[in-house]
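A.B. asks: Here it is, the structure in full.
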Amino acid sequence: MRVEQLTCSIGAELVGVNLADAVRDDGLFNEIKGLLLRHKVLFLRDQDISRPDHVAFARRFGELEDHPMAPTHPEAPGLVQIYKRPDQPIDRYENAWHTDGTWRETPAMGCVLRCVECPPVGGDTMWANMALAYENLPQAIKQRIEDLRANHSFEASFAAAMPLDKRQAMKAQYPDAEHPVVRTHPETGEKVLFVNAFTTHFTNYHTKERVRFGQDANPGAADLLRYLVSQAFVPEYQVRWRWKPNSIAIWDNRSTQHYAVMDYPSCHRKMERAAIVGDKPF
């Protein structure tokens, strides 16, 4: 296996390896896992693996989770179908910088995404290194956010375009979650900036140190949150991957954000994703 680093900040391509072999080879799997912790997102080309092997590889990291907005493949439980069709309106959920499932109490640990079919041009995905984003924050900002917590909402994202009754039903099924603004990676110990498109507001901003008058609360918190969310937009923290059929991306959802670029015309774009159940951020 050859490891080709793609940027100075994030991402590496693995060459000369069949991911299906890692299902049964402990040494190979452990090597890949170590590289994932180091590079945060790994890419592979020409991975014509079966759906059962895709699921089995992802399950080596942990149990898999379903998604309320996308169906699971009928022949491969745990494999979510993210399919776009020419007759389907663009939903605009994925083309925002986000970390998967932070509206859950236990967001996904990571994901294994395989391209089945894609546009000839366009439809790339980008990832950002949020550990580096935190590391490079001004010290004064780090001090301001070290104890902050934030609300993450399914209702404000996937459910936002639903009719009122359905949106409220989804809110009851998937209530908002609260997470630290700076989480600690449970395996590397890195500090990670943990706000994204699902984050609606800080839950403990209103203290006498931050709010002199009630008028300070909303603009102070909102401006700070916008600034933090915008850190994922910095190109120096990013890698961009051009999909081809049988390409695979594996990412650590605890330390990254990603953005699916919807710059392609109406056409088929079929992706299959296994998301690994994570733990409660701290």
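So you can find residues: chains in the structure tokens are A, B, ... in the order shown, residues in each start at 1, and ligands are numbered from 1 in order.
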Within 12 Å of Lys84 in chain A, counting only C-alpha atoms, which residues show up once you throw out same-chain ones fewer than 5 positions away? Write them as a list in words, please.
C.D. replies: Ala70, Pro89, Ile90, Asp91, Arg92, Glu94, Cys115, Val116, Glu117, Cys118, Pro119, Gly123, Met262, Tyr264, Pro265, Ser266, Cys267, His268, Arg269, Lys270, Met271 and Glu272 of chain A
A.B. asks: Write out as JSON lines a residue-level contact list of range 6-117 of chain A versus range 254-259 of chain A with cut-off 7 Å: for each qualifying residue the closest pair of atoms and the distance in Å to one decimal, counting only C-alpha atoms, rows sorted by chain and residue number upward.
C.D. replies:
```
{"residue": "A:Lys40", "atom": "CA", "partner": "A:Ser255", "partner_atom": "CA", "distance": 7.0}
{"residue": "A:Glu94", "atom": "CA", "partner": "A:Tyr259", "partner_atom": "CA", "distance": 6.2}
{"residue": "A:Asn95", "atom": "CA", "partner": "A:Tyr259", "partner_atom": "CA", "distance": 5.1}
{"residue": "A:Ala96", "atom": "CA", "partner": "A:Tyr259", "partner_atom": "CA", "distance": 5.4}
{"residue": "A:Trp97", "atom": "CA", "partner": "A:Tyr259", "partner_atom": "CA", "distance": 4.9}
{"residue": "A:His98", "atom": "CA", "partner": "A:Gln257", "partner_atom": "CA", "distance": 5.0}
{"residue": "A:Thr99", "atom": "CA", "partner": "A:Gln257", "partner_atom": "CA", "distance": 4.7}
{"residue": "A:Met109", "atom": "CA", "partner": "A:Arg254", "partner_atom": "CA", "distance": 5.9}
```
A.B. asks: For the selection just defined, write its residues with N, CA, C and O atoms to a file, as a PDB file, in the first residue's frame.
C.D. replies:
```pdb
ATOM      1  N   LYS A  40      -7.369  12.051   8.677  1.00  0.00           N
ATOM      2  CA  LYS A  40      -8.765  12.442   8.913  1.00  0.00           C
ATOM      3  C   LYS A  40      -9.722  12.058   7.792  1.00  0.00           C
ATOM      4  O   LYS A  40     -10.915  11.868   8.033  1.00  0.00           O
ATOM      5  N   GLU A  94     -27.012  18.706   1.502  1.00  0.00           N
ATOM      6  CA  GLU A  94     -25.611  18.289   1.623  1.00  0.00           C
ATOM      7  C   GLU A  94     -24.631  19.403   1.273  1.00  0.00           C
ATOM      8  O   GLU A  94     -23.466  19.334   1.675  1.00  0.00           O
ATOM      9  N   ASN A  95     -25.066  20.395   0.514  1.00  0.00           N
ATOM     10  CA  ASN A  95     -24.128  21.458   0.120  1.00  0.00           C
ATOM     11  C   ASN A  95     -24.116  22.572   1.166  1.00  0.00           C
ATOM     12  O   ASN A  95     -24.438  23.731   0.918  1.00  0.00           O
ATOM     13  N   ALA A  96     -23.759  22.167   2.355  1.00  0.00           N
ATOM     14  CA  ALA A  96     -23.478  23.062   3.477  1.00  0.00           C
ATOM     15  C   ALA A  96     -22.392  22.370   4.289  1.00  0.00           C
ATOM     16  O   ALA A  96     -22.365  21.131   4.369  1.00  0.00           O
ATOM     17  N   TRP A  97     -21.511  23.156   4.873  1.00  0.00           N
ATOM     18  CA  TRP A  97     -20.470  22.549   5.693  1.00  0.00           C
ATOM     19  C   TRP A  97     -21.107  21.952   6.943  1.00  0.00           C
ATOM     20  O   TRP A  97     -21.772  22.654   7.721  1.00  0.00           O
ATOM     21  N   HIS A  98     -20.933  20.645   7.123  1.00  0.00           N
ATOM     22  CA  HIS A  98     -21.581  19.974   8.245  1.00  0.00           C
ATOM     23  C   HIS A  98     -20.779  18.762   8.695  1.00  0.00           C
ATOM     24  O   HIS A  98     -19.939  18.227   7.973  1.00  0.00           O
ATOM     25  N   THR A  99     -21.053  18.358   9.904  1.00  0.00           N
ATOM     26  CA  THR A  99     -20.568  17.100  10.470  1.00  0.00           C
ATOM     27  C   THR A  99     -21.785  16.197  10.616  1.00  0.00           C
ATOM     28  O   THR A  99     -22.797  16.618  11.181  1.00  0.00           O
ATOM     29  N   MET A 109     -19.350   8.291  14.389  1.00  0.00           N
ATOM     30  CA  MET A 109     -17.893   8.273  14.558  1.00  0.00           C
ATOM     31  C   MET A 109     -17.194   8.535  13.225  1.00  0.00           C
ATOM     32  O   MET A 109     -16.180   9.221  13.157  1.00  0.00           O
TER      33      MET A 109
END
```
A.B. asks: Report as JSON, numbers by chain all protein, DNA and RNA residues lying within 9 Å of His54 in chain A, evaluated on only C-alpha atoms, omitting residues in the same chain fewer than 4 positions from it.
C.D. replies: {"A": [19, 20, 23, 49, 50, 58, 59, 79, 112, 113, 114, 273, 274]}
A.B. asks: If you run DSSP on this backbone, which residues of range 95-247 of chain A come out as strand (DSSP E), and could you give them as an NGL selection string?
C.D. replies: :A and (110-117 or 125-129 or 149-152 or 177-180 or 182-184 or 191-193 or 199-202 or 238-241)
A.B. asks: Which residues in range 10-133 of chain A does DSSP call alpha helix (DSSP H)? List them as a ChimeraX atom specification.
C.D. replies: /A:26-39,51-59,130-133
A.B. asks: Smallest atom-to-atom distance to Thr188 in chain A: which of A:Asp165, A:Asp147, A:Glu236, A:Asp252, using only C-alpha atoms?
C.D. replies: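 Closest residue, counting only C-alpha atoms: A:Asp252.
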A.B. asks: Could you give me, as a short mmCIF file (atom, residue, chain, number, x, y, z; two decimals) with N, CA and C atoms, in the first residue's frame, the residues within 10 Å of Gly101 in chain A, counting only C-alpha atoms and dropping anything in the same chain fewer than 3 positions from it?
C.D. replies:
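The resulting file, out.cif, is reproduced below:
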```cif
data_model
loop_
_atom_site.label_atom_id
_atom_site.label_comp_id
_atom_site.auth_asym_id
_atom_site.auth_seq_id
_atom_site.Cartn_x
_atom_site.Cartn_y
_atom_site.Cartn_z
N HIS A 67 -30.43 6.47 8.49
CA HIS A 67 -30.67 7.91 8.41
C HIS A 67 -32.15 8.14 8.12
N HIS A 98 -20.93 20.65 7.12
CA HIS A 98 -21.58 19.97 8.25
C HIS A 98 -20.78 18.76 8.70
N ARG A 104 -27.84 14.35 16.70
CA ARG A 104 -28.00 13.19 17.59
C ARG A 104 -27.20 13.42 18.87
N GLU A 105 -27.61 12.77 19.94
CA GLU A 105 -26.82 12.80 21.17
C GLU A 105 -25.46 12.16 20.96
N THR A 106 -25.41 11.17 20.07
CA THR A 106 -24.15 10.49 19.75
C THR A 106 -23.94 10.57 18.24
N PRO A 107 -23.32 11.63 17.73
CA PRO A 107 -23.07 11.76 16.29
C PRO A 107 -22.19 10.62 15.78
N ALA A 108 -22.25 10.38 14.49
CA ALA A 108 -21.49 9.30 13.88
C ALA A 108 -19.99 9.43 14.16
N MET A 109 -19.35 8.29 14.39
CA MET A 109 -17.89 8.27 14.56
C MET A 109 -17.19 8.53 13.23
N HIS A 152 -27.82 21.69 18.58
CA HIS A 152 -27.78 21.18 17.21
C HIS A 152 -29.16 20.63 16.87
N SER A 153 -29.68 20.97 15.71
CA SER A 153 -31.09 20.73 15.42
C SER A 153 -31.33 20.01 14.09
N PHE A 154 -32.08 18.91 14.16
CA PHE A 154 -32.58 18.26 12.96
C PHE A 154 -33.70 19.10 12.36
N ALA A 177 -30.03 18.23 20.17
CA ALA A 177 -28.94 17.74 21.00
C ALA A 177 -28.04 18.91 21.40
N PHE A 198 -25.68 22.41 11.44
CA PHE A 198 -26.77 21.97 12.30
C PHE A 198 -26.84 22.78 13.60
N ASN A 253 -15.57 11.50 11.37
CA ASN A 253 -16.62 12.50 11.54
C ASN A 253 -16.43 13.33 12.80
N ALA A 275 -22.50 4.65 7.85
CA ALA A 275 -22.14 5.55 8.93
C ALA A 275 -22.01 4.76 10.22
N VAL A 277 -21.81 4.26 14.23
CA VAL A 277 -22.34 4.87 15.45
C VAL A 277 -21.17 5.42 16.29
N GLY A 278 -21.34 6.65 16.78
CA GLY A 278 -20.31 7.27 17.59
C GLY A 278 -20.66 7.31 19.06
#
```
A.B. asks: Have a look at A:Met162, A:Ala12, A:Cys111, A:Val195 and name the one nearest to Ala131 in chain A; count only C-alpha atoms.
C.D. replies: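 Answer, going by the shortest atom-to-atom distance: A:Val195.
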A.B. asks: Restricting the calculation to only C-alpha atoms, which member of A:His73, A:His201, A:Lys33, A:Arg242 is positioned closest to His179 in chain A?
C.D. replies: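 Ranked by minimum distance to His179 in chain A, first place goes to A:His201.
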A.B. asks: Figure out the distance between CA of Phe43 in chain A and CA of Ile250 in chain A, please, to one decimal in Å.
C.D. replies: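 Separation between CA of Ile250 in chain A and CA of Phe43 in chain A: 6.5 Å.
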A.B. asks: Have a look at A:Gly110, A:Tyr205, A:Val182, A:Asp26 and name the one nearest to Glu65 in chain A; count only C-alpha atoms.
C.D. replies: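 Closest candidate: A:Gly110.
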